[in-house]
Amino acid sequence: MPRRCVYANCKSDERYPERLGDVVFFAFPKPKTQLERCQIWIKHCGRSNSQLNPSKITKNYHVCSKHFVNGRPTPEFPNPVAAVPVPDHREHPGGCRTPPTKSMETEKDSIIGTESDSDTIQKKDGTSCEVKWTEEEDENLKILTNNFGKSDWKTIASLLPGRTEVQCMQRWNMHLDPTASKSYWTKDEDEKIAELVTKYGTINWPLISKHMIWRTAKQCRERWQNHLDPQIKKSAWTTEEELIVYKAHLVLGNRWTEIAKLIPGRSDVSVKNHWKTIKKRAQMGFYRDEADSILLIFNSL
């Protein structure tokens, strides 16, 4: 009988040799003699109990080499890498389908780095939802990155069903890498960003981040806007600037980008951060008598 892999959404099947390549199949531990290990394999395959349970396991049930850290069970890693659970209808929890396959370059161009524990994927109705990274997935990603390095994201993603190459790379870069994403910016990095901004402008940050090892689009954008842009003011805030923010906030609320347009040289992040100070002073009675001296003209609301 042709062997096939029952792991999550894996399509390794001896009936279709063109899919296999160098894939090797490993039979499940026998429930009668190795029940505990068999149950671990079942759990790590990510299928529901109705799809896979000890009573269904026979010699024809296999997991292929794609889903083991070392390509096969070893004393150090005897079990498959844990998969994202796959419900009966092969959808993510909450009705979200596994995101369509997309090349890494194309996908990264469409993503602006965000600091989040979730990845956004598309529902059947065209809306999006977030699939949160689990602690188990994070641990597996750490193990896989340690074994395959920080460049072979295609292989790593193949061992984390439901996650794409870009999702794995950005999860590592932004949350799990103990050195890269939290390190201080170097002078060389600052100079490189300045060169890239001159070449590509200040819109396509995903493209710029491709040239910055271990820096996301969000990190590059904020580094430029808050520290490197020569038009940014780094001097102390003046009373007039604070009055403008105070009065504009009465009309615009927390629309920091719109407020920043009223104060040349101050970024939206800078305005947002300084608002805490302005708010405290306003609660103490500052600005009330002087607010009328400031006339603001809003181009659009």
# chains A, B, ... in the order shown; residues from 1 in each chain; ligands from 1
call {"tool": "select_by_dssp", "arguments": {"residues": "segment 165-250 of chain A", "states": "helix (DSSP H, G or I)", "output": "ChimeraX atom specification"}}
result
/A:165-176,187-200,205-210,217-228,239-250
call {"tool": "residues_around", "arguments": {"residues": "Asp268 of chain A", "least_positions_apart": "6", "cutoff": "12 Å", "atoms": "only C-alpha atoms", "output": "tab-separated table (two decimals) with all heavy atoms, in the first residue's frame"}}
result
chain	number	residue	atom	x	y	z
A	222	GLU	N	11.13	54.25	11.67
A	222	GLU	CA	11.15	55.03	12.91
A	222	GLU	C	12.53	55.59	13.21
A	222	GLU	O	12.64	56.69	13.77
A	222	GLU	CB	10.65	54.15	14.07
A	222	GLU	CG	9.18	53.82	13.95
A	222	GLU	CD	8.65	53.09	15.18
A	222	GLU	OE1	9.49	52.63	16.00
A	222	GLU	OE2	7.43	52.99	15.32
A	225	GLN	N	12.68	58.69	10.86
A	225	GLN	CA	11.75	59.77	11.21
A	225	GLN	C	12.04	60.41	12.56
A	225	GLN	O	11.81	61.60	12.75
A	225	GLN	CB	10.31	59.23	11.20
A	225	GLN	CG	9.82	58.87	9.82
A	225	GLN	CD	8.40	58.32	9.83
A	225	GLN	OE1	7.87	57.96	10.89
A	225	GLN	NE2	7.79	58.23	8.67
A	226	ASN	N	12.57	59.60	13.50
A	226	ASN	CA	12.76	60.12	14.85
A	226	ASN	C	14.19	60.53	15.19
A	226	ASN	O	14.42	61.20	16.20
A	226	ASN	CB	12.29	59.07	15.88
A	226	ASN	CG	10.82	58.76	15.74
A	226	ASN	OD1	10.02	59.61	15.42
A	226	ASN	ND2	10.47	57.50	15.95
A	232	ILE	N	14.37	67.07	11.21
A	232	ILE	CA	13.81	66.88	12.55
A	232	ILE	C	14.46	67.83	13.55
A	232	ILE	O	15.68	67.98	13.58
A	232	ILE	CB	14.02	65.43	13.03
A	232	ILE	CG1	13.10	64.48	12.25
A	232	ILE	CG2	13.73	65.29	14.52
A	232	ILE	CD1	13.30	63.04	12.62
A	245	VAL	N	0.07	72.11	19.95
A	245	VAL	CA	-0.35	70.73	20.19
A	245	VAL	C	-1.57	70.69	21.08
A	245	VAL	O	-2.54	69.96	20.81
A	245	VAL	CB	0.80	69.90	20.82
A	245	VAL	CG1	0.30	68.51	21.20
A	245	VAL	CG2	1.98	69.79	19.87
A	254	ASN	N	-6.39	62.35	18.99
A	254	ASN	CA	-5.10	61.67	18.87
A	254	ASN	C	-4.63	61.46	17.43
A	254	ASN	O	-3.92	60.50	17.13
A	254	ASN	CB	-5.18	60.30	19.57
A	254	ASN	CG	-5.37	60.43	21.06
A	254	ASN	OD1	-5.07	61.46	21.65
A	254	ASN	ND2	-5.87	59.38	21.68
A	255	ARG	N	-4.98	62.36	16.56
A	255	ARG	CA	-4.53	62.27	15.17
A	255	ARG	C	-3.15	62.93	15.07
A	255	ARG	O	-2.99	64.04	14.58
A	255	ARG	CB	-5.55	62.92	14.24
A	255	ARG	CG	-6.87	62.13	14.19
A	255	ARG	CD	-8.02	62.94	13.63
A	255	ARG	NE	-7.80	63.34	12.25
A	255	ARG	CZ	-8.67	64.06	11.54
A	255	ARG	NH1	-9.81	64.45	12.11
A	255	ARG	NH2	-8.42	64.39	10.30
A	256	TRP	N	-2.15	62.20	15.55
A	256	TRP	CA	-0.81	62.76	15.72
A	256	TRP	C	-0.17	63.17	14.41
A	256	TRP	O	0.56	64.16	14.35
A	256	TRP	CB	0.08	61.75	16.44
A	256	TRP	CG	-0.53	61.25	17.71
A	256	TRP	CD1	-0.91	59.97	18.01
A	256	TRP	CD2	-0.85	62.02	18.88
A	256	TRP	NE1	-1.43	59.89	19.27
A	256	TRP	CE2	-1.41	61.14	19.83
A	256	TRP	CE3	-0.71	63.37	19.21
A	256	TRP	CZ2	-1.84	61.57	21.08
A	256	TRP	CZ3	-1.13	63.81	20.45
A	256	TRP	CH2	-1.69	62.92	21.38
A	257	THR	N	-0.44	62.44	13.34
A	257	THR	CA	0.14	62.80	12.05
A	257	THR	C	-0.37	64.15	11.58
A	257	THR	O	0.39	64.98	11.06
A	257	THR	CB	-0.19	61.72	10.99
A	257	THR	OG1	0.34	60.46	11.44
A	257	THR	CG2	0.43	62.07	9.64
A	258	GLU	N	-1.67	64.38	11.76
A	258	GLU	CA	-2.25	65.67	11.36
A	258	GLU	C	-1.72	66.80	12.24
A	258	GLU	O	-1.45	67.91	11.76
A	258	GLU	CB	-3.78	65.59	11.46
A	258	GLU	CG	-4.43	64.61	10.49
A	258	GLU	CD	-4.13	64.96	9.04
A	258	GLU	OE1	-4.18	66.15	8.70
A	258	GLU	OE2	-3.81	64.04	8.26
A	259	ILE	N	-1.59	66.53	13.53
A	259	ILE	CA	-1.07	67.56	14.44
A	259	ILE	C	0.38	67.90	14.10
A	259	ILE	O	0.78	69.07	14.11
A	259	ILE	CB	-1.19	67.10	15.90
A	259	ILE	CG1	-2.67	66.95	16.29
A	259	ILE	CG2	-0.50	68.08	16.84
A	259	ILE	CD1	-2.89	66.37	17.68
A	260	ALA	N	1.17	66.87	13.78
A	260	ALA	CA	2.59	67.09	13.46
A	260	ALA	C	2.76	67.99	12.24
A	260	ALA	O	3.75	68.71	12.13
A	260	ALA	CB	3.29	65.75	13.24
A	261	LYS	N	1.80	67.97	11.32
A	261	LYS	CA	1.88	68.82	10.13
A	261	LYS	C	1.82	70.30	10.49
A	261	LYS	O	2.25	71.15	9.70
A	261	LYS	CB	0.73	68.48	9.17
A	261	LYS	CG	0.85	67.09	8.53
A	261	LYS	CD	-0.36	66.80	7.64
A	261	LYS	CE	-0.27	65.40	7.03
A	261	LYS	NZ	-1.45	65.09	6.18
A	262	LEU	N	1.31	70.61	11.67
A	262	LEU	CA	1.20	72.01	12.11
A	262	LEU	C	2.49	72.52	12.75
A	262	LEU	O	2.62	73.71	13.02
A	262	LEU	CB	0.04	72.15	13.11
A	262	LEU	CG	-1.35	71.72	12.61
A	262	LEU	CD1	-2.33	71.72	13.77
A	262	LEU	CD2	-1.82	72.64	11.50
A	274	HIS	N	5.50	63.67	23.39
A	274	HIS	CA	5.52	64.90	24.20
A	274	HIS	C	4.13	65.25	24.72
A	274	HIS	O	4.01	66.06	25.66
A	274	HIS	CB	6.08	66.06	23.38
A	274	HIS	CG	6.50	67.23	24.22
A	274	HIS	ND1	7.52	67.17	25.13
A	274	HIS	CD2	5.99	68.50	24.30
A	274	HIS	CE1	7.65	68.35	25.74
A	274	HIS	NE2	6.73	69.17	25.25
A	275	TRP	N	3.10	64.66	24.13
A	275	TRP	CA	1.74	64.96	24.57
A	275	TRP	C	1.53	64.61	26.05
A	275	TRP	O	0.79	65.28	26.77
A	275	TRP	CB	0.73	64.20	23.71
A	275	TRP	CG	-0.66	64.23	24.29
A	275	TRP	CD1	-1.37	63.18	24.79
A	275	TRP	CD2	-1.51	65.37	24.45
A	275	TRP	NE1	-2.60	63.59	25.25
A	275	TRP	CE2	-2.71	64.94	25.04
A	275	TRP	CE3	-1.36	66.72	24.14
A	275	TRP	CZ2	-3.76	65.80	25.34
A	275	TRP	CZ3	-2.40	67.60	24.43
A	275	TRP	CH2	-3.60	67.13	25.03
call {"tool": "atom_distance", "arguments": {"atom1": "atom CA of His175 of chain A", "atom2": "atom CA of Arg223 of chain A"}}
result
18.0 Å
call {"tool": "atom_distance", "arguments": {"atom1": "atom CA of Ala83 of chain A", "atom2": "atom CA of Asn140 of chain A"}}
result
9.3 Å
call {"tool": "closest_residue", "arguments": {"among": "A:Lys187, A:Arg163, A:Arg288, A:His44", "to": "His67 of chain A", "atoms": "only C-alpha atoms"}}
result
A:His44
call {"tool": "closest_residue", "arguments": {"among": "A:Cys10, A:Cys45, A:Ala248, A:Ala157", "to": "Gln170 of chain A", "atoms": "only C-alpha atoms"}}
result
A:Ala157
call {"tool": "residues_around", "arguments": {"residues": "Leu176 of chain A", "least_positions_apart": "5", "cutoff": "9 Å", "atoms": "only C-alpha atoms", "output": "list in words"}}
result
Asp138, Leu141, Lys142, Arg171 and Ser181 of chain A
